[in-house]
>>> print(open('protein_9.cif').read())   # mmCIF, C-alpha atoms
data_input
loop_
_atom_site.label_atom_id
_atom_site.label_comp_id
_atom_site.auth_asym_id
_atom_site.auth_seq_id
_atom_site.Cartn_x
_atom_site.Cartn_y
_atom_site.Cartn_z
CA MET A 51 49.17 -1.72 5.96
CA SER A 52 47.62 -2.16 2.58
CA ALA A 53 51.02 -3.09 1.12
CA PHE A 54 51.53 -5.84 3.67
CA GLY A 55 53.13 -8.17 1.17
CA SER A 56 52.07 -11.54 -0.15
CA PRO A 57 51.64 -14.70 1.91
CA ALA A 58 54.79 -16.72 2.45
CA ALA A 59 54.75 -19.89 0.40
CA ALA A 60 57.12 -21.49 2.91
CA ALA A 61 54.48 -21.59 5.67
CA PRO A 62 53.63 -25.29 6.23
CA ASN A 63 49.95 -24.54 6.82
CA ASN A 64 48.55 -21.06 6.22
CA PRO A 65 44.79 -21.13 5.51
CA ASN A 66 44.39 -17.39 6.17
CA ASN A 67 47.14 -16.40 3.73
CA ASP A 68 49.16 -14.57 6.36
CA ILE A 69 52.87 -13.68 6.40
CA LEU A 70 55.45 -16.12 7.76
CA VAL A 71 58.07 -14.76 10.18
CA SER A 72 61.56 -15.70 9.02
CA GLU A 73 63.88 -17.93 11.06
CA PRO A 74 61.34 -18.99 13.70
CA PRO A 75 62.23 -20.79 16.97
CA ASN A 76 63.24 -24.44 16.84
CA ASP A 77 60.83 -25.54 19.57
CA GLY A 78 57.52 -24.57 21.16
CA ILE A 79 56.77 -20.83 21.30
CA SER A 80 55.57 -19.74 24.74
CA SER A 81 55.32 -15.95 24.62
CA MET A 82 55.40 -13.02 22.18
CA ALA A 83 55.26 -9.23 22.46
CA PHE A 84 55.35 -6.34 20.00
CA SER A 85 57.41 -3.22 20.63
CA PRO A 86 55.63 -0.27 22.31
CA SER A 87 54.27 2.82 20.59
CA ALA A 88 57.47 4.72 21.47
CA LEU A 89 59.23 2.95 18.58
CA ARG A 90 56.63 3.80 15.91
CA PRO A 91 56.61 3.78 12.96
CA LYS A 92 58.88 0.76 13.38
CA ASN A 93 57.55 -2.57 14.64
CA PHE A 94 59.64 -5.18 16.40
CA LEU A 95 58.42 -8.60 17.53
CA VAL A 96 60.05 -10.61 20.30
CA ALA A 97 59.38 -14.29 21.08
CA GLY A 98 60.48 -16.66 23.84
CA SER A 99 60.58 -20.39 23.25
CA TRP A 100 61.32 -23.85 24.60
CA ASP A 101 64.69 -23.96 22.82
CA ASN A 102 65.94 -21.60 25.59
CA GLN A 103 66.08 -18.60 23.26
CA VAL A 104 64.68 -15.10 22.95
CA ARG A 105 64.48 -13.82 19.37
CA CYS A 106 63.71 -10.37 17.98
CA TRP A 107 62.66 -9.38 14.45
CA GLU A 108 61.92 -6.10 12.74
CA VAL A 109 58.61 -6.21 10.88
CA GLN A 110 58.98 -4.09 7.77
CA GLN A 111 56.19 -2.13 6.07
CA SER A 112 55.91 -4.94 3.51
CA GLY A 113 55.16 -7.37 6.34
CA GLN A 114 58.42 -9.23 5.79
CA THR A 115 60.64 -9.80 8.82
CA VAL A 116 64.35 -9.28 9.43
CA PRO A 117 66.06 -10.95 12.43
CA VAL A 118 67.56 -8.37 14.80
CA GLY A 119 69.19 -10.54 17.43
CA MET A 120 68.89 -13.39 19.89
CA ILE A 121 69.93 -14.27 23.45
CA ASN A 122 69.95 -17.52 25.38
CA HIS A 123 68.65 -18.69 28.73
CA ASP A 124 69.76 -21.89 30.45
CA ALA A 125 66.29 -23.42 30.18
CA PRO A 126 63.00 -22.83 28.29
CA VAL A 127 61.77 -19.22 28.13
CA LEU A 128 58.17 -18.76 29.31
CA SER A 129 57.58 -15.00 29.14
CA VAL A 130 58.79 -11.86 27.33
CA ALA A 131 58.00 -8.14 27.69
CA TRP A 132 59.20 -4.72 26.52
CA SER A 133 60.11 -1.58 28.44
CA THR A 134 57.79 1.34 27.69
CA ASP A 135 60.46 3.26 25.77
CA GLY A 136 61.36 0.19 23.70
CA SER A 137 65.01 0.20 24.75
CA ALA A 138 64.92 -3.11 26.62
CA ILE A 139 63.39 -6.57 26.36
CA PHE A 140 62.73 -8.66 29.47
CA SER A 141 62.57 -12.45 29.46
CA ALA A 142 62.07 -15.13 32.09
CA GLY A 143 61.56 -18.84 32.33
CA CYS A 144 62.52 -22.26 33.64
CA ASP A 145 66.07 -21.26 34.62
CA LYS A 146 64.38 -19.30 37.48
CA THR A 147 65.81 -16.00 36.27
CA ALA A 148 64.72 -12.89 34.42
CA LYS A 149 67.03 -11.04 32.06
CA MET A 150 67.10 -7.54 30.55
CA TRP A 151 68.41 -7.33 26.98
CA SER A 152 69.10 -4.26 24.86
CA PRO A 153 68.92 -5.26 21.16
CA ALA A 154 70.62 -1.99 20.18
CA THR A 155 73.79 -2.76 22.14
CA ASN A 156 73.27 -6.53 22.56
CA GLN A 157 74.01 -6.12 26.27
CA GLN A 158 72.15 -8.29 28.76
CA GLN A 159 72.00 -8.58 32.51
CA LEU A 160 70.29 -10.62 35.19
CA VAL A 161 67.48 -8.63 36.85
CA ALA A 162 65.46 -11.14 38.88
CA GLN A 163 65.67 -14.59 40.41
CA HIS A 164 63.21 -17.04 42.02
CA ASP A 165 63.33 -20.47 43.66
CA ALA A 166 61.30 -22.04 40.84
CA PRO A 167 60.57 -21.26 37.16
CA ILE A 168 59.26 -17.76 36.43
CA LYS A 169 55.99 -18.00 34.50
CA SER A 170 55.44 -14.28 33.81
CA VAL A 171 57.51 -11.11 33.62
CA LEU A 172 55.97 -7.64 33.24
CA TYR A 173 57.35 -4.11 33.00
CA VAL A 174 55.62 -1.19 34.74
CA SER A 175 56.93 2.30 33.96
CA ASP A 176 55.68 3.98 37.14
CA MET A 177 54.86 2.34 40.46
CA GLY A 178 53.30 5.59 41.67
CA ASN A 179 56.57 7.11 42.84
CA GLY A 180 58.03 7.78 39.40
CA SER A 181 60.12 4.62 39.48
CA PRO A 182 59.97 1.84 36.87
CA CYS A 183 59.80 -1.76 37.99
CA ILE A 184 59.59 -5.29 36.68
CA ILE A 185 57.17 -7.78 38.19
CA THR A 186 57.78 -11.53 38.16
CA GLY A 187 55.32 -14.30 38.96
CA SER A 188 56.71 -17.74 39.70
CA TRP A 189 55.85 -21.35 40.36
CA ASP A 190 57.53 -20.81 43.75
CA LYS A 191 54.17 -19.28 44.76
CA SER A 192 55.30 -15.67 44.85
CA VAL A 193 55.06 -12.38 42.99
CA LYS A 194 58.12 -10.15 43.31
CA TYR A 195 58.92 -6.56 42.38
CA TRP A 196 62.39 -5.53 41.20
CA ASP A 197 64.09 -2.16 40.68
CA ILE A 198 66.08 -2.67 37.47
CA ARG A 199 68.28 0.34 38.32
CA GLN A 200 69.78 -1.57 41.24
CA PRO A 201 72.08 -4.62 41.15
CA THR A 202 70.16 -7.90 41.31
CA GLY A 203 69.76 -9.00 44.89
CA SER A 204 66.73 -8.75 47.07
CA PRO A 205 63.45 -7.68 45.47
CA ILE A 206 61.93 -4.39 46.59
CA GLY A 207 58.70 -6.25 47.35
CA SER A 208 57.49 -9.84 47.57
CA VAL A 209 53.96 -11.19 47.89
CA PRO A 210 53.28 -14.84 48.76
CA MET A 211 50.62 -16.58 46.69
CA SER A 212 48.41 -19.50 47.72
CA GLU A 213 49.57 -21.47 44.67
CA ARG A 214 51.79 -21.27 41.58
CA VAL A 215 51.41 -18.23 39.32
CA TYR A 216 49.96 -19.34 35.98
CA SER A 217 49.41 -15.96 34.31
CA MET A 218 49.78 -12.21 34.93
CA ASP A 219 49.04 -9.00 33.10
CA ALA A 220 49.30 -5.28 33.86
CA VAL A 221 47.94 -2.12 32.25
CA GLY A 222 48.50 1.26 33.85
CA ASN A 223 47.97 0.81 37.59
CA LEU A 224 46.06 -2.45 37.21
CA LEU A 225 47.84 -5.77 37.87
CA VAL A 226 45.99 -9.09 37.66
CA VAL A 227 47.50 -12.38 38.86
CA ALA A 228 46.01 -15.85 38.23
CA THR A 229 47.15 -18.83 40.30
CA ALA A 230 46.93 -22.61 39.94
CA ASP A 231 44.04 -22.86 42.41
CA ARG A 232 41.84 -20.70 40.13
CA LYS A 233 42.25 -17.59 42.28
CA ILE A 234 42.35 -14.18 40.60
CA LEU A 235 44.10 -11.40 42.55
CA ILE A 236 43.78 -7.75 41.55
CA TYR A 237 46.36 -5.16 42.61
CA ASP A 238 46.92 -1.44 42.28
CA VAL A 239 50.66 -1.27 41.53
CA ARG A 240 50.89 1.86 43.69
CA LYS A 241 50.08 -0.47 46.63
CA PRO A 242 51.84 -3.54 45.29
CA THR A 243 51.78 -5.86 48.31
CA THR A 244 48.10 -5.51 49.23
CA PRO A 245 45.46 -6.93 46.88
CA TYR A 246 42.65 -4.57 45.94
CA PHE A 247 40.46 -7.67 45.97
CA GLU A 248 40.65 -11.35 45.13
CA LYS A 249 38.11 -13.79 43.80
CA LEU A 250 37.70 -17.31 42.55
CA SER A 251 37.52 -17.48 38.78
CA MET A 252 33.98 -17.89 37.46
CA LEU A 253 35.44 -20.53 35.13
CA LYS A 254 35.38 -24.05 36.57
CA TYR A 255 38.70 -25.41 35.33
CA GLN A 256 42.38 -24.49 35.13
CA THR A 257 43.23 -20.90 34.18
CA ARG A 258 45.51 -20.53 31.16
CA VAL A 259 45.62 -16.77 30.62
CA VAL A 260 44.54 -13.39 32.00
CA SER A 261 44.58 -10.15 30.00
CA CYS A 262 43.69 -6.61 31.16
CA PHE A 263 41.32 -4.28 29.32
CA PRO A 264 43.26 -1.39 27.72
CA ASP A 265 41.19 1.11 29.75
CA GLN A 266 42.04 -0.66 33.06
CA THR A 267 38.38 -1.23 33.98
CA GLY A 268 38.60 -5.02 33.96
CA PHE A 269 40.19 -8.15 32.59
CA ALA A 270 39.48 -11.35 30.67
CA VAL A 271 40.27 -14.88 31.84
CA GLY A 272 40.71 -17.93 29.59
CA SER A 273 40.73 -21.55 30.72
CA VAL A 274 41.26 -25.11 29.51
CA GLU A 275 37.48 -25.59 29.22
CA GLY A 276 37.06 -23.49 26.08
CA ARG A 277 35.54 -20.52 27.91
CA VAL A 278 36.42 -16.89 28.56
CA SER A 279 35.15 -14.71 31.38
CA ILE A 280 34.85 -10.94 31.22
CA ASP A 281 35.39 -9.42 34.68
CA HIS A 282 35.22 -5.82 35.89
CA VAL A 283 37.17 -4.16 38.70
CA SER A 284 34.61 -1.66 39.93
CA GLU A 285 31.78 -3.01 42.07
CA ALA A 286 29.34 -0.89 40.08
CA ASP A 287 30.41 -2.60 36.84
CA LYS A 288 30.32 -6.19 38.10
CA LYS A 289 26.75 -6.51 36.87
CA ASN A 290 28.32 -6.60 33.40
CA ASP A 291 30.48 -9.66 34.18
CA PHE A 292 29.79 -12.67 31.97
CA ALA A 293 31.40 -15.74 30.40
CA PHE A 294 31.15 -17.21 26.92
CA LYS A 295 32.11 -20.44 25.18
CA CYS A 296 34.73 -20.54 22.43
CA HIS A 297 37.27 -22.87 20.82
CA ARG A 298 34.86 -25.79 20.70
CA ASP A 299 34.15 -27.99 17.72
CA ASP A 300 31.60 -30.80 17.34
CA GLY A 301 31.62 -31.57 21.04
CA ALA A 302 35.41 -31.28 21.40
CA ILE A 303 36.61 -28.69 23.93
CA TYR A 304 39.96 -26.91 23.57
CA ALA A 305 42.04 -24.69 25.84
CA VAL A 306 42.07 -20.91 25.40
CA ASN A 307 45.82 -20.22 25.24
CA SER A 308 45.86 -16.51 24.45
CA ILE A 309 43.72 -13.39 24.91
CA ALA A 310 45.02 -10.23 23.25
CA PHE A 311 43.27 -6.85 23.42
CA HIS A 312 43.34 -4.28 20.64
CA GLU A 313 44.65 -1.10 22.26
CA GLY A 314 42.66 1.24 20.05
CA TYR A 315 39.19 -0.32 20.16
CA GLY A 316 39.24 -2.48 23.29
CA THR A 317 38.05 -5.48 21.28
CA LEU A 318 39.91 -8.76 21.69
CA ALA A 319 41.30 -11.84 20.02
CA THR A 320 41.28 -15.33 21.48
CA ALA A 321 43.46 -18.19 20.24
CA GLY A 322 43.46 -21.80 21.31
CA SER A 323 44.47 -25.42 21.15
CA ASP A 324 42.03 -25.98 18.29
CA GLY A 325 44.30 -23.99 15.97
CA GLY A 326 41.77 -21.19 15.65
CA PHE A 327 41.71 -17.48 16.43
CA THR A 328 38.66 -15.23 16.64
CA PHE A 329 38.08 -11.49 17.10
CA TRP A 330 35.38 -10.48 19.63
CA ASP A 331 33.53 -7.41 20.86
CA LYS A 332 33.04 -7.92 24.60
CA ASP A 333 30.80 -4.85 25.01
CA ALA A 334 28.36 -5.93 22.32
CA LYS A 335 28.83 -9.59 23.32
CA GLN A 336 29.34 -10.65 19.74
CA ARG A 337 31.87 -12.36 17.52
CA LEU A 338 33.42 -9.99 14.99
CA LYS A 339 35.27 -12.50 12.84
CA GLN A 340 36.28 -16.15 13.05
CA PHE A 341 39.28 -17.17 10.97
CA GLN A 342 40.11 -20.48 9.33
CA LYS A 343 41.67 -22.98 11.69
CA LEU A 344 45.19 -24.29 11.44
CA PRO A 345 45.89 -28.01 12.01
CA TYR A 346 48.04 -27.30 15.09
CA PRO A 347 47.48 -25.30 18.29
CA ILE A 348 48.07 -21.56 18.56
CA SER A 349 50.13 -21.18 21.72
CA THR A 350 50.38 -17.37 22.03
CA SER A 351 49.45 -14.20 20.14
CA CYS A 352 49.59 -10.39 20.31
CA PHE A 353 48.62 -7.17 18.50
CA ASN A 354 51.16 -4.49 17.65
CA SER A 355 50.72 -1.10 19.31
CA GLU A 356 48.99 0.40 16.28
CA GLY A 357 46.61 -2.55 16.10
CA ASN A 358 47.09 -3.32 12.41
CA ILE A 359 49.18 -6.49 12.84
CA TYR A 360 48.16 -9.61 14.76
CA ALA A 361 50.93 -12.14 15.37
CA TYR A 362 50.12 -15.73 16.29
CA ALA A 363 52.39 -18.68 17.00
CA VAL A 364 51.54 -22.10 15.58
CA SER A 365 53.14 -24.42 18.07
CA TYR A 366 52.40 -27.50 20.16
CA ASP A 367 51.03 -26.42 23.55
CA TRP A 368 51.30 -29.76 25.41
CA SER A 369 47.53 -29.82 25.94
CA LYS A 370 47.46 -33.46 24.84
CA GLY A 371 50.59 -34.52 26.70
CA ALA A 372 54.06 -35.61 25.64
CA GLU A 373 52.74 -38.68 23.84
CA ASN A 374 51.09 -36.46 21.22
CA HIS A 375 54.13 -34.27 20.62
CA ASN A 376 55.43 -34.72 17.08
CA PRO A 377 58.84 -33.02 16.64
CA SER A 378 58.40 -33.09 12.86
CA ASN A 379 55.64 -30.46 13.20
CA LYS A 380 57.83 -27.37 13.29
CA SER A 381 56.74 -24.21 15.14
CA TYR A 382 56.22 -21.02 13.17
CA ILE A 383 54.81 -17.50 13.54
CA LEU A 384 52.32 -15.83 11.20
CA LEU A 385 51.44 -12.14 10.87
CA HIS A 386 47.88 -11.17 9.97
CA ALA A 387 47.24 -7.72 8.48
CA VAL A 388 44.27 -6.55 10.55
CA GLN A 389 41.50 -4.80 8.65
CA ASP A 390 39.53 -2.15 10.51
CA SER A 391 36.28 -3.93 9.67
CA GLU A 392 37.55 -7.12 11.32
CA ILE A 393 38.36 -5.68 14.72
CA ARG A 394 36.36 -2.49 15.21
CA SER A 395 33.29 -2.69 17.41
CA LYS A 396 30.05 -2.38 15.48
CA LYS A 397 29.00 0.11 18.18
CA GLY A 398 31.95 2.41 17.40
CA GLY A 399 33.12 4.66 20.23
CA PRO A 400 36.43 6.29 21.24
CA PRO A 401 39.72 4.43 21.67
CA LYS A 402 40.23 2.64 25.01
CA THR A 403 43.95 2.91 25.61
CA GLY A 404 46.02 2.62 28.76
CA ARG A 405 48.69 -0.05 28.30
CA ARG A 406 52.24 0.74 29.31
#
>>> encode(input="protein_9.cif", output="structure tokens")
Amino acid sequence: MSAFGSPAAAAPNNPNNDILVSEPPNDGISSMAFSPSALRPKNFLVAGSWDNQVRCWEVQQSGQTVPVGMINHDAPVLSVAWSTDGSAIFSAGCDKTAKMWSPATNQQQLVAQHDAPIKSVLYVSDMGNGSPCIITGSWDKSVKYWDIRQPTGSPIGSVPMSERVYSMDAVGNLLVVATADRKILIYDVRKPTTPYFEKLSMLKYQTRVVSCFPDQTGFAVGSVEGRVSIDHVSEADKKNDFAFKCHRDDGAIYAVNSIAFHEGYGTLATAGSDGGFTFWDKDAKQRLKQFQKLPYPISTSCFNSEGNIYAYAVSYDWSKGAENHNPSNKSYILLHAVQDSEIRSKKGGPPKTGRR
């Protein structure tokens, strides 16, 4: 994307000279996701926010964005996801429901419901029997599986959790669930109600985010203590587990709000309450590039399927409580044109794909 356009002058603070997404949400931005590879060469970005809305934009080759559509929930939206073929967007949040929306037809329908807010919604194209499914993780201490081809009613599977679900991610057959009591549960989606194994996070404080490796061999965990752990699924690979410090500045410690993996190289980006984002190589255990910090937190981020755009949301994350929330600091989304030299492992190697 060499012709990615020029930085948007309208961005309130933009130290990395990135592109401002037009018509951003009016409140905190909780979740973002880029369209899957099935829609290439087009790129679409979807975001869920605390103004109860789900917005979608087309990202043009110039890097400029064009709004595609928007739907509403009855309460703040906490999570968004795409179907593998790109025909549907899923969203869930504090209204205790999950919706399926087709931007092409603007049709929407209820697809899941819980007894408490839904923190995460995921789409899995094949549960091992050829059937697609959405997975929801809720503060009602449950993970549920739903067949979107059937009318909303009872889930096709439900797994009780020991505490509220704080984060989930899935790649291929690997599903990872993080709960409020720092437990990490690993599932094979082909056996969705029985954990492959569970463990206590090696991080000492509250989990904020989990993200699966693109090759399904492990996952990363981020916490409020400014640390990330790298965990492997196979017992033979656990010797390579480690944790590292990040998002710290002159003794101040900030939450890690987002971990996004590059599908092509398996390297990753972290973003946090300090307003910074950094690209890392977990295999070489080295920082690839640290970018200039923004004056406000980065609440969520994601790479597009091709790996040449990194979107990050500049938005209050409530890490300092309601008393530090300043409504005059408007939320916005920036798009960074990723250079190969910024994100590619210095060790090289083949692509490590597997997300669906």
>>> residues_around(input="protein_9.cif", residues="A:Gln163", least_positions_apart="5", cutoff="12 Å", atoms="all atoms listed in the file", output="number ranges by chain")
A: 141-149, 168-169, 171, 184-190, 192-196, 201-205, 208
>>> write_last_selection(input="protein_9.cif", atoms="C-alpha atoms", output="CSV table (one decimal), in the frame of the given file")
chain,number,residue,atom,x,y,z
A,141,SER,CA,62.6,-12.4,29.5
A,142,ALA,CA,62.1,-15.1,32.1
A,143,GLY,CA,61.6,-18.8,32.3
A,144,CYS,CA,62.5,-22.3,33.6
A,145,ASP,CA,66.1,-21.3,34.6
A,146,LYS,CA,64.4,-19.3,37.5
A,147,THR,CA,65.8,-16.0,36.3
A,148,ALA,CA,64.7,-12.9,34.4
A,149,LYS,CA,67.0,-11.0,32.1
A,168,ILE,CA,59.3,-17.8,36.4
A,169,LYS,CA,56.0,-18.0,34.5
A,171,VAL,CA,57.5,-11.1,33.6
A,184,ILE,CA,59.6,-5.3,36.7
A,185,ILE,CA,57.2,-7.8,38.2
A,186,THR,CA,57.8,-11.5,38.2
A,187,GLY,CA,55.3,-14.3,39.0
A,188,SER,CA,56.7,-17.7,39.7
A,189,TRP,CA,55.8,-21.4,40.4
A,190,ASP,CA,57.5,-20.8,43.8
A,192,SER,CA,55.3,-15.7,44.8
A,193,VAL,CA,55.1,-12.4,43.0
A,194,LYS,CA,58.1,-10.2,43.3
A,195,TYR,CA,58.9,-6.6,42.4
A,196,TRP,CA,62.4,-5.5,41.2
A,201,PRO,CA,72.1,-4.6,41.2
A,202,THR,CA,70.2,-7.9,41.3
A,203,GLY,CA,69.8,-9.0,44.9
A,204,SER,CA,66.7,-8.8,47.1
A,205,PRO,CA,63.4,-7.7,45.5
A,208,SER,CA,57.5,-9.8,47.6
>>> resolve_selection(input="protein_9.cif", expression="the PyMOL selection byres ((chain A and resi 252-255) around 7)", output="list in words")
Leu250, Ser251, Gln256, Thr257, Ser273, Val274, Glu275 and Ser279 of chain A
>>> residues_around(input="protein_9.cif", residues="A:His312", least_positions_apart="6", cutoff="9 Å", atoms="all atoms listed in the file", output="PDB file with C-alpha atoms, in the coordinates of the input")
ATOM      1  CA  PHE A 263      41.320  -4.280  29.320  1.00  0.00           C
ATOM      2  CA  PRO A 264      43.260  -1.390  27.720  1.00  0.00           C
ATOM      3  CA  LEU A 318      39.910  -8.760  21.690  1.00  0.00           C
ATOM      4  CA  ALA A 319      41.300 -11.840  20.020  1.00  0.00           C
ATOM      5  CA  CYS A 352      49.590 -10.390  20.310  1.00  0.00           C
ATOM      6  CA  PHE A 353      48.620  -7.170  18.500  1.00  0.00           C
ATOM      7  CA  ASN A 354      51.160  -4.490  17.650  1.00  0.00           C
ATOM      8  CA  SER A 355      50.720  -1.100  19.310  1.00  0.00           C
ATOM      9  CA  GLU A 356      48.990   0.400  16.280  1.00  0.00           C
ATOM     10  CA  GLY A 357      46.610  -2.550  16.100  1.00  0.00           C
ATOM     11  CA  ILE A 393      38.360  -5.680  14.720  1.00  0.00           C
ATOM     12  CA  LYS A 402      40.230   2.640  25.010  1.00  0.00           C
ATOM     13  CA  THR A 403      43.950   2.910  25.610  1.00  0.00           C
TER      14      THR A 403
END
>>> closest_residue(input="protein_9.cif", among="A:Ile359, A:Ala83, A:Ile206, A:Met218", to="A:Tyr237", atoms="all atoms listed in the file")
A:Met218
>>> residues_around(input="protein_9.cif", residues="A:Gly268", least_positions_apart="6", cutoff="6 Å", atoms="only C-alpha atoms", output="JSON list (two decimals) with C-alpha atoms, in the frame of the given file")
[["chain", "number", "residue", "atom", "x", "y", "z"],
["A", 281, "ASP", "CA", 35.39, -9.42, 34.68],
["A", 282, "HIS", "CA", 35.22, -5.82, 35.89],
["A", 283, "VAL", "CA", 37.17, -4.16, 38.70]]
>>> closest_residue(input="protein_9.cif", among="A:Ser284, A:Gln110, A:Thr243, A:Ser137", to="A:Leu89", atoms="only C-alpha atoms")
A:Ser137
>>> atom_distance(input="protein_9.cif", atom1="atom CA of A:Lys332", atom2="atom CA of A:Thr317")
6.5 Å
>>> residues_around(input="protein_9.cif", residues="A:Asn307", least_positions_apart="5", cutoff="6 Å", atoms="all atoms listed in the file", output="list in words")
Arg258, Ala321, Gly322 and Ser349 of chain A
>>> residues_around(input="protein_9.cif", residues="A:Gly326", least_positions_apart="5", cutoff="7 Å", atoms="only C-alpha atoms", output="PyMOL selection string")
chain A and resi 321+341-344+348
>>> atom_distance(input="protein_9.cif", atom1="atom CA of A:Ile69", atom2="atom CA of A:Asn93")
14.6 Å
>>> resolve_selection(input="protein_9.cif", expression="the PyMOL selection byres ((chain A and resi 288-302) around 6)", output="list in words")
Gly276, Arg277, Val278, Ser279, Ile280, Asp281, His282, Glu285, Ala286, Asp287, Ile303 and Tyr304 of chain A
>>> axis_aligned_box(input="protein_9.cif", around="stretch 180-189 of chain A", padding_each_side="6 Å", output="lines of an AutoDock Vina configuration file")
center_x = 57.7
center_y = -6.8
center_z = 38.5
size_x = 16.8
size_y = 41.1
size_z = 15.7
>>> decode(input="protein_9.cif", residues="stretch 109-122 of chain A", atoms="N, CA, C and O atoms", output="mmCIF file, in the first residue's frame")
data_model
loop_
_atom_site.group_PDB
_atom_site.id
_atom_site.type_symbol
_atom_site.label_atom_id
_atom_site.label_comp_id
_atom_site.auth_asym_id
_atom_site.auth_seq_id
_atom_site.Cartn_x
_atom_site.Cartn_y
_atom_site.Cartn_z
ATOM 1 N N VAL A 109 -12.291 0.439 3.463
ATOM 2 C CA VAL A 109 -10.986 1.103 3.409
ATOM 3 C C VAL A 109 -10.492 1.029 1.971
ATOM 4 O O VAL A 109 -10.201 -0.046 1.445
ATOM 5 N N GLN A 110 -10.415 2.170 1.328
ATOM 6 C CA GLN A 110 -10.013 2.208 -0.074
ATOM 7 C C GLN A 110 -8.499 2.067 -0.223
ATOM 8 O O GLN A 110 -7.758 2.151 0.754
ATOM 9 N N GLN A 111 -8.045 1.850 -1.447
ATOM 10 C CA GLN A 111 -6.611 1.674 -1.708
ATOM 11 C C GLN A 111 -5.806 2.895 -1.276
ATOM 12 O O GLN A 111 -4.644 2.785 -0.894
ATOM 13 N N SER A 112 -6.428 4.070 -1.291
ATOM 14 C CA SER A 112 -5.747 5.291 -0.867
ATOM 15 C C SER A 112 -5.588 5.352 0.646
ATOM 16 O O SER A 112 -4.840 6.180 1.160
ATOM 17 N N GLY A 113 -6.310 4.463 1.365
ATOM 18 C CA GLY A 113 -6.307 4.506 2.817
ATOM 19 C C GLY A 113 -7.476 5.282 3.373
ATOM 20 O O GLY A 113 -7.764 5.218 4.571
ATOM 21 N N GLN A 114 -8.175 6.037 2.521
ATOM 22 C CA GLN A 114 -9.346 6.774 2.980
ATOM 23 C C GLN A 114 -10.505 5.804 3.210
ATOM 24 O O GLN A 114 -10.545 4.713 2.634
ATOM 25 N N THR A 115 -11.442 6.210 4.059
ATOM 26 C CA THR A 115 -12.530 5.315 4.445
ATOM 27 C C THR A 115 -13.886 5.877 4.040
ATOM 28 O O THR A 115 -14.104 7.090 4.075
ATOM 29 N N VAL A 116 -14.791 4.969 3.674
ATOM 30 C CA VAL A 116 -16.142 5.329 3.269
ATOM 31 C C VAL A 116 -17.117 4.537 4.142
ATOM 32 O O VAL A 116 -17.069 3.301 4.152
ATOM 33 N N PRO A 117 -17.991 5.193 4.911
ATOM 34 C CA PRO A 117 -18.963 4.466 5.732
ATOM 35 C C PRO A 117 -19.867 3.589 4.869
ATOM 36 O O PRO A 117 -20.344 4.016 3.808
ATOM 37 N N VAL A 118 -20.073 2.354 5.322
ATOM 38 C CA VAL A 118 -20.913 1.398 4.603
ATOM 39 C C VAL A 118 -22.282 1.285 5.254
ATOM 40 O O VAL A 118 -23.304 1.174 4.576
ATOM 41 N N GLY A 119 -22.315 1.276 6.572
ATOM 42 C CA GLY A 119 -23.583 1.120 7.264
ATOM 43 C C GLY A 119 -23.385 1.076 8.761
ATOM 44 O O GLY A 119 -22.252 1.118 9.264
ATOM 45 N N MET A 120 -24.511 0.961 9.472
ATOM 46 C CA MET A 120 -24.473 0.970 10.929
ATOM 47 C C MET A 120 -25.741 0.326 11.467
ATOM 48 O O MET A 120 -26.824 0.477 10.882
ATOM 49 N N ILE A 121 -25.610 -0.422 12.576
ATOM 50 C CA ILE A 121 -26.779 -0.939 13.278
ATOM 51 C C ILE A 121 -26.653 -0.584 14.753
ATOM 52 O O ILE A 121 -25.570 -0.223 15.236
ATOM 53 N N ASN A 122 -27.771 -0.714 15.471
ATOM 54 C CA ASN A 122 -27.817 -0.361 16.874
ATOM 55 C C ASN A 122 -28.101 -1.569 17.755
ATOM 56 O O ASN A 122 -28.854 -2.477 17.371
#
